[in-house]
Amino acid sequence: MTDRAALLAQWAQEIASSLPAQPLPLRLCLACARLLGADGGAITLAYTQSERVTLCVTDEVAAQLEDLQEVLGQGPGPDAYQSGLAVAAELASPAAVGQWPMFAAAARAAAGDGAVYALPIRPEGPVLGVLTLHQGTPRPLRCDTAEAQFLADALGAALLQDLDSQAEIGPGPWAGRARVHQATGMVIAQLGVGAGDGLALLRAHAYAHDTSVDAIAAQVVGRQLDFTIADTGTDSNGNEQP
């Protein structure tokens, strides 16, 4: 099993451990923050556009950092959105102060001498928004930049109401729709999550393996893929998973 598949399996377990009453974007964000070793985070779409919307913040610090970047128009979030590249900054570093003087000063007043990581969300190419993570004490993320970026893109795939997924779930062939619904039910049973979470995880897994939701659903229904044991690299029969 690839490192990315293991990362996705761990993410699924983190989502399953969150409170089911919380909105899906918040559960996805919290799971990313815990898995990557951050103290909290936020998901904001259309970061520098007039239609900008923050889907969730995990805590007051995350909310303050998002507000500051929106008001000042500078910081790791705007840079990540405009460049399509991950941006990391220690707020007290000369580099951060030189690059974003107003933001660095205001952010330190609000959050102390911590660190901010901004990961563009771009599962289908164009940047949709930014996953912003913060730490009170600067330290490396638990994954390298490529894996952290992969997780941000998987998050985007989980949130997207994309046409391919809708075709398979909605007006597509009856067998395909039934298989996706059955697989969603199996994921719900495996992890104890809600229907929205189960479908989001199927979408994220499809993104991770560059395949369709229906193909992943077939693996779940065929018991080739079990989210409760995915991090072992084998299915429920002891065979290596794809």
# chains A, B, ... in the order shown; residues from 1 in each chain; ligands from 1
>>> select_by_dssp(residues="range 67-226 of chain A", states="strand (DSSP E)", output="PyMOL selection string")
chain A and resi 87-90+115-121+129-135
>>> residues_around(residues="Glu66 in chain A", least_positions_apart="5", cutoff="12 Å", atoms="only C-alpha atoms", output="VMD selection string")
chain A and resid 40 to 45 47 to 48 52 to 61 71 to 78 103 106 to 107 110 to 111 116 118 130 to 134
>>> select_by_dssp(residues="range 37-180 of chain A", states="alpha helix (DSSP H)", output="count of residues only")
67
>>> residues_around(residues="Gly198 in chain A", least_positions_apart="5", cutoff="7 Å", atoms="only C-alpha atoms", output="MDAnalysis selection string")
chainID A and resid 184 187:188 193
>>> residues_around(residues="Gly192 in chain A", least_positions_apart="3", cutoff="10 Å", atoms="only C-alpha atoms", output="PyMOL selection string")
chain A and resi 13+15-17+20+185-189+195+197-198
>>> write_last_selection(atoms="C-alpha atoms", output="PDB file, in the first residue's frame")
ATOM      1  CA  GLN A  13     -10.132   7.245  11.131  1.00  0.00           C
ATOM      2  CA  ILE A  15     -12.936  11.869  10.683  1.00  0.00           C
ATOM      3  CA  ALA A  16     -14.694   8.932  12.315  1.00  0.00           C
ATOM      4  CA  SER A  17     -13.478  10.082  15.737  1.00  0.00           C
ATOM      5  CA  PRO A  20     -21.143  13.528  14.118  1.00  0.00           C
ATOM      6  CA  GLY A 185     -23.795   2.185   4.011  1.00  0.00           C
ATOM      7  CA  MET A 186     -20.859  -0.168   4.520  1.00  0.00           C
ATOM      8  CA  VAL A 187     -18.482   2.741   5.231  1.00  0.00           C
ATOM      9  CA  ILE A 188     -21.042   4.110   7.714  1.00  0.00           C
ATOM     10  CA  ALA A 189     -21.100   0.738   9.453  1.00  0.00           C
ATOM     11  CA  ALA A 195     -24.062   9.311   5.284  1.00  0.00           C
ATOM     12  CA  ASP A 197     -19.114  11.515   5.644  1.00  0.00           C
ATOM     13  CA  GLY A 198     -19.303   8.069   4.081  1.00  0.00           C
TER      14      GLY A 198
END
>>> closest_residue(among="A:Gln99, A:Gln64, A:Gln82, A:Ser93", to="Ala46 in chain A", atoms="only C-alpha atoms")
A:Gln82
>>> atom_distance(atom1="CA of Ile216 in chain A", atom2="CA of Leu202 in chain A")
6.6 Å
>>> closest_residue(among="A:Gly222, A:Pro126, A:Pro120, A:Gly112", to="Ala146 in chain A", atoms="only C-alpha atoms")
A:Pro120
>>> closest_residue(among="A:Asp39, A:Pro94, A:Pro101, A:Phe150", to="Gly114 in chain A", atoms="only C-alpha atoms")
A:Asp39
>>> residues_around(residues="Pro123 in chain A", least_positions_apart="6", cutoff="8 Å", atoms="only C-alpha atoms", output="list in words")
Asp153, Ala154, Gly156, Ala157 and Tyr207 of chain A
>>> atom_distance(atom1="CA of Met102 in chain A", atom2="CA of Ala80 in chain A")
17.5 Å
>>> atom_distance(atom1="CA of Ala148 in chain A", atom2="CA of Trp11 in chain A")
11.4 Å
